[in-house]
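Colleague: My structure file query_17.cif, mmCIF, C-alpha atoms and all ligand atoms, is below:
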data_protein
loop_
_atom_site.label_atom_id
_atom_site.label_comp_id
_atom_site.auth_asym_id
_atom_site.auth_seq_id
_atom_site.Cartn_x
_atom_site.Cartn_y
_atom_site.Cartn_z
CA MET A 36 -85.83 -1.75 14.31
CA THR A 37 -84.32 0.90 16.61
CA LEU A 38 -84.94 0.42 20.30
CA THR A 39 -84.46 2.54 23.43
CA PRO A 40 -82.37 1.21 26.30
CA LEU A 41 -83.11 1.82 29.95
CA VAL A 42 -81.21 4.86 31.18
CA TYR A 43 -80.51 5.69 34.83
CA TRP A 44 -79.32 9.11 35.87
CA ALA A 45 -77.87 10.99 38.83
CA GLN A 46 -76.27 14.37 39.22
CA ARG A 47 -73.65 16.31 41.12
CA HIS A 48 -73.14 20.06 41.13
CA GLU A 49 -70.81 19.88 38.15
CA GLU A 50 -71.78 16.77 36.23
CA ILE A 51 -74.51 14.36 35.15
CA TYR A 52 -74.07 10.62 35.28
CA LEU A 53 -75.99 8.38 32.88
CA ARG A 54 -75.96 4.60 33.12
CA VAL A 55 -77.19 2.93 29.94
CA GLU A 56 -78.34 -0.66 30.46
CA LEU A 57 -76.64 -2.40 27.56
CA THR A 58 -74.43 -5.40 27.96
CA ASP A 59 -71.39 -5.96 25.78
CA ALA A 60 -72.22 -2.82 23.90
CA GLN A 61 -68.79 -2.82 22.28
CA VAL A 62 -68.83 -6.48 21.32
CA SER A 63 -71.11 -6.72 18.41
CA GLU A 64 -69.52 -9.65 16.68
CA THR A 65 -67.37 -12.64 17.47
CA ARG A 66 -65.07 -14.31 15.00
CA PRO A 67 -63.47 -17.73 15.23
CA LEU A 68 -59.70 -17.86 15.54
CA PRO A 69 -57.86 -19.09 12.44
CA SER A 70 -57.44 -22.87 12.73
CA ASP A 71 -53.63 -22.76 12.67
CA ILE A 72 -53.48 -20.75 15.96
CA THR A 73 -52.74 -23.05 18.84
CA VAL A 74 -52.78 -22.53 22.57
CA GLY A 75 -50.32 -24.83 24.29
CA SER A 76 -50.09 -27.99 22.23
CA GLU A 77 -53.72 -28.30 21.27
CA SER A 78 -55.49 -26.72 18.36
CA CYS A 79 -57.71 -23.91 19.57
CA ALA A 80 -61.40 -23.43 18.96
CA TYR A 81 -61.83 -20.25 21.05
CA GLN A 82 -63.85 -17.31 19.82
CA LEU A 83 -61.98 -13.98 19.69
CA PRO A 84 -64.16 -10.91 20.32
CA VAL A 85 -63.93 -8.18 17.73
CA PHE A 86 -64.45 -4.70 19.18
CA LEU A 87 -66.24 -2.26 16.96
CA GLN A 88 -66.32 1.47 17.60
CA ASN A 89 -70.06 1.37 17.50
CA ILE A 90 -70.92 3.50 20.51
CA ASP A 91 -71.73 6.97 19.41
CA VAL A 92 -72.40 9.65 22.04
CA GLN A 93 -72.65 13.26 21.03
CA VAL A 94 -73.84 16.48 22.60
CA HIS A 95 -75.00 19.44 20.55
CA ASP A 96 -76.44 22.44 22.33
CA LYS A 97 -78.43 20.87 25.12
CA VAL A 98 -79.19 17.61 23.34
CA LEU A 99 -77.40 14.33 23.92
CA GLN A 100 -77.65 11.65 21.20
CA PHE A 101 -76.71 8.10 22.08
CA ARG A 102 -76.47 5.17 19.71
CA ALA A 103 -74.90 1.73 20.25
CA GLN A 104 -75.18 -1.89 19.41
CA GLY A 105 -75.50 -4.21 22.35
CA HIS A 106 -77.57 -6.57 24.34
CA GLY A 107 -80.49 -4.75 25.95
CA ALA A 108 -84.03 -5.51 27.08
CA LYS A 109 -84.89 -6.60 23.53
CA GLY A 110 -81.83 -8.76 22.97
CA GLN A 111 -78.95 -7.98 20.62
CA ASN A 112 -79.91 -4.92 18.68
CA GLU A 113 -79.19 -1.34 17.86
CA TYR A 114 -80.34 0.96 20.66
CA GLU A 115 -80.56 4.70 20.75
CA PHE A 116 -82.03 7.60 22.68
CA SER A 117 -81.79 11.34 22.94
CA LEU A 118 -82.19 13.69 25.88
CA GLU A 119 -82.72 17.42 25.86
CA PHE A 120 -81.17 18.63 29.08
CA LEU A 121 -82.80 21.23 31.30
CA PHE A 122 -79.76 23.53 31.12
CA PRO A 123 -76.75 23.84 28.81
CA VAL A 124 -73.94 21.30 29.14
CA LYS A 125 -70.38 21.22 27.85
CA PRO A 126 -69.93 19.67 24.40
CA GLU A 127 -67.24 17.21 25.47
CA VAL A 128 -68.72 14.03 26.83
CA SER A 129 -66.94 10.98 28.22
CA TYR A 130 -68.17 7.41 28.30
CA LYS A 131 -66.94 4.04 29.37
CA SER A 132 -68.34 0.72 28.29
CA THR A 133 -68.19 -2.20 30.67
CA GLN A 134 -69.56 -5.67 30.06
CA ARG A 135 -72.77 -4.72 31.89
CA GLN A 136 -73.45 -1.10 30.96
CA VAL A 137 -72.27 2.09 29.33
CA ASN A 138 -71.46 4.91 31.78
CA VAL A 139 -71.72 8.40 30.36
CA VAL A 140 -70.53 11.58 32.11
CA VAL A 141 -71.66 14.98 30.89
CA ARG A 142 -70.35 18.17 32.46
CA LYS A 143 -72.75 20.99 33.27
CA GLU A 144 -71.98 24.31 31.62
CA LYS A 145 -72.70 26.13 34.90
CA ARG A 146 -72.21 24.64 38.32
CA GLY A 147 -75.53 24.11 40.08
CA TRP A 148 -78.27 21.76 41.14
CA TRP A 149 -81.00 20.89 38.62
CA GLU A 150 -84.53 20.17 39.76
CA ARG A 151 -84.86 17.64 36.91
CA LEU A 152 -82.76 16.29 34.07
CA VAL A 153 -84.69 17.14 30.94
CA THR A 154 -86.66 20.11 29.63
CA GLN A 155 -90.02 18.35 29.46
CA GLU A 156 -91.69 18.10 32.82
CA ARG A 157 -92.83 14.52 32.27
CA LYS A 158 -89.70 12.47 32.14
CA PRO A 159 -89.23 9.97 29.30
CA VAL A 160 -90.35 6.41 30.18
CA PHE A 161 -86.91 4.94 29.61
CA LEU A 162 -85.36 7.31 32.19
CA ALA A 163 -85.14 6.57 35.93
CA PRO A 164 -83.03 7.72 38.88
CA ASP A 165 -79.82 5.83 39.45
CA PHE A 166 -80.23 5.04 43.13
CA ASP A 167 -76.73 3.60 43.32
CA ARG A 168 -75.32 7.07 42.66
CA TRP A 169 -78.25 9.22 43.74
CA LEU A 170 -77.53 12.03 46.19
CA GLU A 171 -79.68 14.87 47.43
CA GLU A 172 -78.25 18.37 46.98
CA SER A 173 -77.10 18.72 50.59
CA ASP A 174 -75.39 15.31 50.47
CA ALA A 175 -73.68 16.26 47.23
CA GLU A 176 -72.41 19.43 48.90
CA MET A 177 -71.13 17.36 51.78
CA GLU A 178 -69.40 15.07 49.27
CA ILE A 179 -67.68 18.10 47.70
CA ARG A 180 -66.61 19.33 51.12
CA GLU A 181 -65.26 15.93 52.04
CA LYS A 182 -63.39 15.74 48.74
CA GLU A 183 -61.91 19.18 49.36
CA GLU A 184 -60.91 18.24 52.87
CA ARG A 185 -59.30 15.07 51.59
CA ARG A 186 -57.44 17.08 48.96
CA ASN A 187 -56.29 19.61 51.59
CA ARG A 188 -55.16 16.86 53.91
CA LEU A 189 -53.21 15.32 51.06
CA ARG A 190 -51.68 18.68 50.19
CA SER A 191 -50.62 19.40 53.76
CA ALA A 192 -49.28 15.86 54.10
CA ARG A 193 -47.25 16.47 50.97
CA LEU A 194 -46.00 19.76 52.42
CA LYS A 195 -44.89 17.88 55.49
CA GLU A 196 -42.88 15.43 53.40
CA PRO A 197 -39.23 15.59 54.52
CA GLY A 198 -37.75 16.75 51.20
CA HIS A 199 -40.30 19.49 50.71
CA CYS A 200 -40.06 20.80 54.22
CA ASN A 201 -36.45 20.49 55.22
CA LEU A 202 -35.19 23.47 53.28
CA LYS A 203 -37.98 25.76 54.44
CA THR A 204 -37.72 24.58 58.04
CA GLY A 205 -33.94 24.98 57.98
CA PHE A 206 -34.21 28.47 56.55
CA LEU A 207 -36.87 29.60 59.04
CA PHE A 208 -35.04 28.05 61.97
CA ALA A 209 -31.78 29.76 61.00
CA TYR A 210 -33.55 33.10 60.48
CA ASN A 211 -35.34 32.94 63.83
CA LEU A 212 -32.18 31.82 65.60
CA VAL A 213 -30.18 34.76 64.25
CA GLN A 214 -32.93 37.20 65.27
CA PHE A 215 -33.25 35.57 68.69
CA LEU A 216 -29.51 35.85 69.29
CA GLY A 217 -29.47 39.46 68.08
CA PHE A 218 -32.39 40.61 70.22
CA SER A 219 -31.22 38.59 73.24
CA TRP A 220 -27.85 40.27 73.01
CA ILE A 221 -29.58 43.67 72.89
CA PHE A 222 -31.91 42.89 75.79
CA VAL A 223 -29.26 41.33 78.04
CA ASN A 224 -26.70 44.03 77.23
CA MET A 225 -29.16 46.81 78.03
CA THR A 226 -30.32 45.13 81.25
CA VAL A 227 -26.76 44.54 82.47
CA ARG A 228 -25.77 48.12 81.62
CA LEU A 229 -28.83 49.41 83.43
CA PHE A 230 -27.79 47.51 86.55
CA ILE A 231 -24.16 48.60 86.34
CA PHE A 232 -24.47 52.21 85.18
CA GLY A 233 -27.96 52.99 86.37
CA LYS A 234 -29.56 56.09 84.83
CA ASP A 235 -26.40 56.90 82.86
CA SER A 236 -26.93 53.88 80.65
CA LEU A 237 -30.09 55.50 79.24
CA TYR A 238 -28.01 58.12 77.45
CA ASP A 239 -25.65 55.98 75.43
CA THR A 240 -27.96 53.20 74.21
CA PHE A 241 -27.64 54.25 70.60
CA HIS A 242 -23.83 54.08 70.62
CA THR A 243 -23.66 50.68 72.27
CA ILE A 244 -26.64 48.93 70.72
CA SER A 245 -27.53 50.51 67.38
CA ASP A 246 -25.24 48.38 65.16
CA VAL A 247 -26.91 45.15 66.24
CA MET A 248 -30.34 46.78 66.09
CA PHE A 249 -29.65 48.01 62.53
CA PHE A 250 -28.64 44.48 61.58
CA CYS A 251 -31.71 42.80 63.12
CA GLN A 252 -34.19 45.32 61.81
CA THR A 253 -32.75 45.28 58.28
CA LEU A 254 -32.94 41.50 58.34
CA ALA A 255 -36.57 41.72 59.50
CA ALA A 256 -37.49 42.73 55.93
CA VAL A 257 -37.28 38.96 55.26
CA GLU A 258 -40.49 38.62 57.32
CA VAL A 259 -42.43 40.74 54.85
CA LEU A 260 -41.16 38.57 52.00
CA ASN A 261 -42.01 35.41 53.95
CA ALA A 262 -45.55 36.63 54.43
CA ALA A 263 -45.87 37.83 50.82
CA PHE A 264 -44.64 34.55 49.31
CA GLY A 265 -46.61 32.36 51.71
CA VAL A 266 -43.53 30.92 53.43
CA VAL A 267 -45.32 31.47 56.75
CA ARG A 268 -49.04 31.66 57.36
CA THR A 269 -49.39 35.29 58.31
CA GLY A 270 -50.79 38.53 56.91
CA VAL A 271 -48.56 40.78 54.82
CA VAL A 272 -50.13 44.05 56.05
CA PRO A 273 -49.44 43.61 59.81
CA THR A 274 -45.90 42.42 59.08
CA PHE A 275 -45.31 45.32 56.70
CA ILE A 276 -46.61 47.84 59.24
CA GLN A 277 -44.39 46.35 61.93
CA VAL A 278 -41.20 46.32 59.84
CA VAL A 279 -41.71 49.68 58.09
CA GLY A 280 -42.88 51.32 61.33
CA ARG A 281 -39.82 50.26 63.28
CA ASN A 282 -37.35 50.97 60.47
CA PHE A 283 -38.76 54.45 60.02
CA ILE A 284 -38.01 55.20 63.67
CA LEU A 285 -34.63 53.47 63.60
CA PHE A 286 -33.21 54.80 60.35
CA ILE A 287 -34.93 58.17 59.92
CA ILE A 288 -35.49 59.43 63.45
CA PHE A 289 -32.56 57.90 65.33
CA GLY A 290 -30.17 57.12 62.50
CA SER A 291 -30.19 60.45 60.71
CA LEU A 292 -30.34 62.83 63.69
CA ASP A 293 -27.22 63.05 65.86
CA GLU A 294 -29.30 65.05 68.35
CA MET A 295 -31.42 61.99 69.06
CA HIS A 296 -28.52 59.64 69.79
CA ASN A 297 -28.22 60.58 73.44
CA GLN A 298 -31.92 60.72 74.20
CA PRO A 299 -33.23 58.27 76.82
CA VAL A 300 -36.17 57.55 74.50
CA VAL A 301 -33.80 55.37 72.43
CA PHE A 302 -33.40 53.15 75.46
CA PHE A 303 -37.13 52.72 75.92
CA VAL A 304 -37.82 52.02 72.26
CA PHE A 305 -35.01 49.46 71.97
CA TYR A 306 -35.88 47.83 75.26
CA LEU A 307 -39.57 47.44 74.40
CA TRP A 308 -38.80 46.10 70.92
CA SER A 309 -36.34 43.51 72.20
CA ALA A 310 -38.53 42.53 75.18
CA ILE A 311 -41.13 41.06 72.83
CA GLU A 312 -38.69 39.54 70.37
CA ILE A 313 -36.88 37.40 72.95
CA PHE A 314 -40.15 35.46 73.28
CA ARG A 315 -41.44 35.68 69.70
CA TYR A 316 -38.41 34.23 67.90
CA PRO A 317 -37.84 31.19 70.16
CA PHE A 318 -41.59 30.52 69.87
CA TYR A 319 -41.17 30.40 66.07
CA MET A 320 -38.03 28.25 66.42
CA LEU A 321 -39.97 25.60 68.34
CA GLY A 322 -42.83 25.95 65.87
CA CYS A 323 -40.44 24.95 63.07
CA PHE A 324 -40.36 21.49 64.66
CA ASN A 325 -44.05 21.41 65.56
CA THR A 326 -43.05 21.71 69.17
CA GLU A 327 -44.38 24.05 71.76
CA TRP A 328 -43.57 25.11 75.27
CA LYS A 329 -46.80 26.32 76.84
CA THR A 330 -45.24 29.08 78.96
CA LEU A 331 -43.42 30.47 75.94
CA THR A 332 -46.61 30.38 73.84
CA TRP A 333 -48.48 32.21 76.56
CA LEU A 334 -45.73 34.84 76.80
CA ARG A 335 -45.57 35.29 73.00
CA TYR A 336 -49.32 35.90 72.81
CA THR A 337 -49.64 37.97 76.00
CA VAL A 338 -46.59 40.14 76.52
CA TRP A 339 -47.51 42.33 73.54
CA ILE A 340 -50.66 43.50 75.35
CA PRO A 341 -48.76 45.98 77.53
CA LEU A 342 -45.65 46.20 75.35
CA TYR A 343 -47.24 47.17 72.07
CA PRO A 344 -48.99 50.36 73.27
CA LEU A 345 -45.94 51.25 75.35
CA GLY A 346 -43.73 50.71 72.30
CA VAL A 347 -45.89 52.94 70.12
CA LEU A 348 -45.98 55.54 72.89
CA ALA A 349 -42.19 55.53 73.09
CA GLU A 350 -41.96 55.80 69.30
CA ALA A 351 -44.44 58.70 69.35
CA VAL A 352 -42.28 60.51 71.95
CA ALA A 353 -39.26 60.01 69.67
CA VAL A 354 -41.16 61.49 66.71
CA LEU A 355 -42.34 64.46 68.80
CA GLN A 356 -38.77 65.10 69.94
CA ALA A 357 -37.53 64.91 66.36
CA ILE A 358 -40.06 67.40 64.92
CA PRO A 359 -38.31 70.62 66.16
CA ILE A 360 -34.95 69.21 65.12
CA PHE A 361 -36.11 68.62 61.53
CA ASP A 362 -37.67 72.11 61.55
CA LYS A 363 -34.32 73.57 62.52
CA ASN A 364 -31.93 71.66 60.32
CA ASN A 365 -34.17 71.35 57.26
CA LEU A 366 -32.99 67.77 56.72
CA PHE A 367 -35.17 65.88 54.18
CA SER A 368 -37.16 69.08 53.60
CA ILE A 369 -39.07 69.09 50.33
CA PRO A 370 -38.21 72.03 48.02
CA LEU A 371 -41.30 73.94 46.89
CA PRO A 372 -41.80 75.35 43.35
CA LYS A 373 -39.73 78.53 42.68
CA ALA A 374 -42.87 80.71 42.46
CA ILE A 375 -43.70 79.91 46.08
CA GLY A 376 -40.11 79.60 47.25
CA GLY A 377 -38.72 77.95 50.37
CA SER A 378 -39.24 74.33 51.32
CA LEU A 379 -41.66 72.10 53.17
CA SER A 380 -40.19 70.89 56.42
CA PHE A 381 -39.96 67.13 56.94
CA SER A 382 -41.70 67.75 60.26
CA TYR A 383 -45.01 67.82 58.35
CA VAL A 384 -44.34 64.28 57.17
CA LEU A 385 -43.68 63.37 60.79
CA GLN A 386 -46.97 64.86 61.88
CA GLY A 387 -48.73 62.73 59.27
CA TYR A 388 -46.71 59.76 60.43
CA LEU A 389 -47.92 60.25 64.00
CA ILE A 390 -51.47 59.68 62.78
CA LEU A 391 -50.37 56.64 60.74
CA MET A 392 -48.71 55.23 63.84
CA PHE A 393 -51.93 55.08 65.77
CA LEU A 394 -53.70 53.64 62.74
CA GLY A 395 -50.91 51.02 62.51
CA LEU A 396 -51.21 50.36 66.24
CA PHE A 397 -54.94 49.77 65.83
CA ILE A 398 -54.49 47.39 62.85
CA ASN A 399 -51.73 45.37 64.53
CA PHE A 400 -53.38 45.33 67.93
CA ARG A 401 -56.50 43.86 66.32
CA HIS A 402 -54.38 41.38 64.35
CA LEU A 403 -52.47 40.22 67.41
CA HIS A 404 -55.71 39.98 69.41
CA LYS A 405 -57.15 37.74 66.66
CA GLN A 406 -53.99 35.60 66.60
CA ARG A 407 -54.15 35.25 70.40
CA LYS A 408 -57.80 34.21 70.34
CA ARG A 409 -57.18 31.75 67.48
CA ARG A 410 -54.18 30.25 69.25
CA PHE A 411 -55.86 29.77 72.63
CA ARG A 412 -59.20 28.67 71.16
CA THR A 413 -57.46 25.95 69.07
CA LYS A 414 -55.51 24.81 72.08
CA LYS A 415 -58.65 24.61 74.20
CA ARG A 416 -60.49 22.62 71.52
CA LYS A 417 -57.54 20.24 71.19
CA ALA A 418 -57.50 19.76 74.97
CA ASN A 419 -61.23 18.81 75.06
C1 LIG A 501 -49.48 51.90 54.51
C2 LIG A 501 -48.27 52.53 55.09
C3 LIG A 501 -47.89 51.85 56.30
C4 LIG A 501 -46.86 52.62 57.00
C5 LIG A 501 -46.74 52.06 58.35
C6 LIG A 501 -46.54 53.08 59.32
C7 LIG A 501 -47.33 52.78 60.53
C8 LIG A 501 -46.47 52.66 61.68
C9 LIG A 501 -47.11 51.90 62.78
C10 LIG A 501 -46.11 51.48 63.72
C11 LIG A 501 -46.61 50.52 64.73
C12 LIG A 501 -45.51 49.57 65.08
C13 LIG A 501 -45.07 49.79 66.45
C14 LIG A 501 -44.08 48.75 66.88
O1 LIG A 501 -42.91 48.97 66.16
C15 LIG A 501 -43.83 48.88 68.29
C16 LIG A 501 -43.32 47.62 68.88
O2 LIG A 501 -42.88 46.69 68.28
S1 LIG A 501 -43.41 47.59 70.55
C17 LIG A 501 -42.95 45.99 71.04
C18 LIG A 501 -44.10 45.08 71.05
N1 LIG A 501 -44.35 44.63 69.73
C19 LIG A 501 -45.06 43.54 69.46
O3 LIG A 501 -45.57 42.88 70.32
C20 LIG A 501 -45.22 43.15 68.03
C21 LIG A 501 -44.32 42.04 67.67
N2 LIG A 501 -44.50 41.69 66.30
C22 LIG A 501 -45.31 40.74 65.87
O4 LIG A 501 -45.94 40.06 66.65
C23 LIG A 501 -45.39 40.49 64.39
O5 LIG A 501 -44.43 41.19 63.75
C24 LIG A 501 -46.79 40.72 63.77
C25 LIG A 501 -46.68 40.80 62.28
C26 LIG A 501 -47.32 42.04 64.29
C27 LIG A 501 -47.70 39.55 64.12
O6 LIG A 501 -47.14 38.33 63.86
P1 LIG A 501 -47.82 37.16 63.00
O7 LIG A 501 -48.94 37.60 62.17
O8 LIG A 501 -46.73 36.49 62.28
O9 LIG A 501 -48.49 36.25 64.10
P2 LIG A 501 -48.07 34.85 64.65
O10 LIG A 501 -46.84 34.99 65.48
O11 LIG A 501 -49.26 34.28 65.33
O12 LIG A 501 -47.68 33.97 63.37
C28 LIG A 501 -48.65 33.47 62.47
C29 LIG A 501 -48.18 32.13 61.92
O13 LIG A 501 -47.01 32.30 61.14
C30 LIG A 501 -45.94 31.57 61.72
N3 LIG A 501 -44.72 32.41 61.62
C31 LIG A 501 -44.71 33.75 61.57
N4 LIG A 501 -43.44 34.18 61.49
C32 LIG A 501 -42.67 33.08 61.50
C33 LIG A 501 -41.27 32.87 61.46
N5 LIG A 501 -40.40 33.91 61.38
N6 LIG A 501 -40.81 31.61 61.49
C34 LIG A 501 -41.65 30.54 61.59
N7 LIG A 501 -43.00 30.69 61.62
C35 LIG A 501 -43.49 31.94 61.59
C36 LIG A 501 -46.32 31.34 63.14
O14 LIG A 501 -45.69 30.24 63.72
C37 LIG A 501 -47.79 31.16 63.01
O15 LIG A 501 -48.05 29.87 62.49
P3 LIG A 501 -49.11 28.90 63.18
O16 LIG A 501 -50.39 29.68 63.22
O17 LIG A 501 -49.13 27.71 62.32
O18 LIG A 501 -48.57 28.63 64.54
#
The structure given in the file should be rewritten as structure tokens.
Modeller:
Amino acid sequence: MTLTPLVYWAQRHEEIYLRVELTDAQVSETRPLPSDITVGSESCAYQLPVFLQNIDVQVHDKVLQFRAQGHGAKGQNEYEFSLEFLFPVKPEVSYKSTQRQVNVVVRKEKRGWWERLVTQERKPVFLAPDFDRWLEESDAEMEIREKEERRNRLRSARLKEPGHCNLKTGFLFAYNLVQFLGFSWIFVNMTVRLFIFGKDSLYDTFHTISDVMFFCQTLAAVEVLNAAFGVVRTGVVPTFIQVVGRNFILFIIFGSLDEMHNQPVVFFVFYLWSAIEIFRYPFYMLGCFNTEWKTLTWLRYTVWIPLYPLGVLAEAVAVLQAIPIFDKNNLFSIPLPKAIGGSLSFSYVLQGYLILMFLGLFINFRHLHKQRKRRFRTKKRKAN
């Protein structure tokens, strides 16, 4: 006679758990040991269990078929049941037999919460909730969140492992140190020259400073790569705008026009750029060792408020000064088709760039404002 075992069920968003009340489901037969086997010095009369592959669990479409031999409510017998699930499930099913029960896990085809297990509204009599595993939907969501948090904590702990981190930390520290030294040299040099030569120093900034500025700003391309490859936790767009924006001014406006070299605007642009960087890079250097100096953090996230608009203003002045020069010398002008003749002055590109600059200023100002809020909000929460 075929009998039905008691089945308990519970669900999560991605799977169904079934607990089938069958003891020793795998052990359907015991066989005496051959008489010549001995344990220690005495002849052995132990029974050796023989495991038969007699548990059969299959899923076709939405229907699960279970069959096994074991000890259930009606003693040692063959037990079976079938369930037609409410929604489709994946065909692969896993089960594990213990001495007390058979645990079956079925994966839902689509993630979600089911209002009941089977299609028929009246549940089969052999089916009951498994209160040991039972969770309401909101609790199951919480469980998922907790699992995710645990996984994230594990991941970040792994990232903080010495071997994993040393190379990255070393690289970032070295990069920030080089930039800090470069920009400090620029800032100190310009300040000292301003004190010594006064107004005259404004006219030869390019000749005295540009080599180091070229070096630092070319190297700054690394920051875009760092952001793009996730080496540091920052947005690619703001970093790209910053690096491309500055290099456009440095290489195209100042670098390619001799007429710009003696303009005081070079002084203002270089001074404003370096004034922020002498705080930003040491802030990152300390960050590499999870250290912080509160005053420096405050400066890094505050000094940009006046400096950024001033910097963009200075850059805009440089572009405006360069427009008539490009008109005159036709440098980088774009040749037009023969039928029209002539060429399109690069000054048109500069006019377009002026608009982009203010768009870039808006994007980065918003980004830095967000970073500032995030930084000080986190600090406040930590302090509470
Ligand atoms: C589509 C075509 C685009 C064409 C663009 C043309 C538009 C032109 C617009 C031009 C506007 C630019 C004008 C500008 O050149 C003028 C000036 O610079 S004036 C001087 C004042 N300037 C500033 O104040 C800006 C300074 N620059 C910056 O702050 C950054 O470059 C910026 C990308 C803008 C913002 O930085 P970030 O997003 O990185 O913010 P955080 O500092 O908070 O860092 C976030 C986390 O990442 C870690 N990090 C970042 N970099 C490093 C690093 N090098 N080493 C180690 N760690 C780093 C940092 O510690 C933070 O981590 P955590 O949150 O865990 O602390």
Colleague: What do you get as a PyMOL selection string if you pick all residues at most 7 Å from ligand LIG 501 (chain A), counting only C-alpha atoms and all ligand atoms?
Modeller: chain A and resi 207-208+210-211+258+267-270+273-274+276-277+279-281+307-308+310-312+315-316+319-320+322-323+338-339+342-347+388+391-396+399+402-403+406
Colleague: Which residues, protein or nucleic acid, reach to within 10 Å of (-51.8, 31.0, 70.3) in the file's coordinates when using all atoms listed in the file, and can you give that as an MDAnalysis selection string?
Modeller: chainID A and resid 329 332:337 403:414
Colleague: Take CA of Val278 in chain A and CA of Ala256 in chain A and report the distance between them in Å, one decimal.
Modeller: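 Atom-to-atom, CA of Val278 in chain A to CA of Ala256 in chain A, that is 6.5 Å.
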Colleague: Restricting the calculation to only C-alpha atoms: of A:Arg401, A:His48, A:Arg188, A:Lys131, which residue gets closest to Glu171 in chain A?
Modeller: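 The closest residue to Glu171 in chain A is A:His48.
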Colleague: Can you pull out the residues contacting Ile360 in chain A? Cut-off 10 Å, using all atoms listed in the file, and skip same-chain residues under 3 positions away; I want them as a PyMOL selection string.
Modeller: chain A and resi 288+292-295+355-357+363-366+381-382
Colleague: Once you have the residues from the selection above, write them out as a PDB file, keeping the file's coordinate frame, restricted to C-alpha atoms.
Modeller:
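As a result, out.pdb now contains:
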ATOM      1  CA  ILE A 288     -35.490  59.430  63.450  1.00  0.00           C
ATOM      2  CA  LEU A 292     -30.340  62.830  63.690  1.00  0.00           C
ATOM      3  CA  ASP A 293     -27.220  63.050  65.860  1.00  0.00           C
ATOM      4  CA  GLU A 294     -29.300  65.050  68.350  1.00  0.00           C
ATOM      5  CA  MET A 295     -31.420  61.990  69.060  1.00  0.00           C
ATOM      6  CA  LEU A 355     -42.340  64.460  68.800  1.00  0.00           C
ATOM      7  CA  GLN A 356     -38.770  65.100  69.940  1.00  0.00           C
ATOM      8  CA  ALA A 357     -37.530  64.910  66.360  1.00  0.00           C
ATOM      9  CA  LYS A 363     -34.320  73.570  62.520  1.00  0.00           C
ATOM     10  CA  ASN A 364     -31.930  71.660  60.320  1.00  0.00           C
ATOM     11  CA  ASN A 365     -34.170  71.350  57.260  1.00  0.00           C
ATOM     12  CA  LEU A 366     -32.990  67.770  56.720  1.00  0.00           C
ATOM     13  CA  PHE A 381     -39.960  67.130  56.940  1.00  0.00           C
ATOM     14  CA  SER A 382     -41.700  67.750  60.260  1.00  0.00           C
TER      15      SER A 382
END
Colleague: Between CA of Arg228 in chain A and CA of Phe314 in chain A, measure the distance and give it in Å to one decimal.
Modeller: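 Between these atoms lies a distance of 20.9 Å.
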Colleague: Padding 5 Å on each side, edges along x, y and z: where is the centre of the box around the listed atoms of range 333-345 of chain A, and how long are its edges in Å to one decimal? Output it as lines of an AutoDock Vina configuration file.
Modeller:
center_x = -48.1
center_y = 41.7
center_z = 74.8
size_x = 15.1
size_y = 29.0
size_z = 15.5
Colleague: I'd like the interatomic distance between CA of Ala163 in chain A and CA of Tyr43 in chain A, to a tenth of an Å.
Modeller: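 Between CA of Ala163 in chain A and CA of Tyr43 in chain A the gap works out to 4.8 Å.
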Colleague: Tell me, as number ranges by chain, which residues lie within 8 Å of range 136-153 of chain A, counting all atoms listed in the file; anything in the same chain fewer than 2 positions away does not count.
Modeller: A: 46-60, 118-125, 127-134, 155-156, 158, 172
Colleague: Identify, on the basis of all atoms listed in the file, every residue whose closest approach to Pro370 in chain A does not exceed 9 Å; exclude the query and any residue fewer than 6 positions from it along the same chain; express the result as a list in words.
Modeller: Gly376, Gly377, Ser378, Leu379 and Ser380 of chain A
Colleague: Would you mind telling me which residue in A:Phe275, A:Phe283, A:Phe222, A:Phe303 lies nearest to Tyr238 in chain A when using all atoms listed in the file?
Modeller: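 Of A:Phe275, A:Phe283, A:Phe222, A:Phe303, the one nearest Tyr238 in chain A, counting all atoms listed in the file, is A:Phe303.
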Colleague: Identify, on the basis of all atoms listed in the file, every residue whose closest approach to Phe250 in chain A does not exceed 10 Å; exclude the query and any residue fewer than 4 positions from it along the same chain; express the result as a list in words.
Modeller: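 The contact residues come out as Gln214, Gly217, Ser245, Asp246, Leu254 and Ala255 of chain A.
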Colleague: Restricted to C-alpha atoms, what would the selected residues look like written as a CSV table (one decimal), keeping the file's coordinate frame?
Modeller:
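Result went into part.csv, see below:
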chain,number,residue,atom,x,y,z
A,214,GLN,CA,-32.9,37.2,65.3
A,217,GLY,CA,-29.5,39.5,68.1
A,245,SER,CA,-27.5,50.5,67.4
A,246,ASP,CA,-25.2,48.4,65.2
A,254,LEU,CA,-32.9,41.5,58.3
A,255,ALA,CA,-36.6,41.7,59.5
Colleague: Using all atoms listed in the file, which residue out of A:Gly110, A:Pro317, A:Pro40, A:Pro341 lies closest to Ser219 in chain A?
Modeller: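 Smallest separation from Ser219 in chain A among the options: A:Pro317.
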Colleague: Tell me which of A:Glu350, A:Glu327, A:Asp239, A:Glu183 sits closest to Asn282 in chain A, counting only C-alpha atoms.
Modeller: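 Among the listed residues, A:Glu350 lies closest to Asn282 in chain A.
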Colleague: My list of candidates is A:Arg185, A:Lys234, A:His95, A:Arg190. Which is closest to Ser117 in chain A when distances are computed with only C-alpha atoms?
Modeller: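 Distance minimum relative to Ser117 in chain A lands on A:His95.
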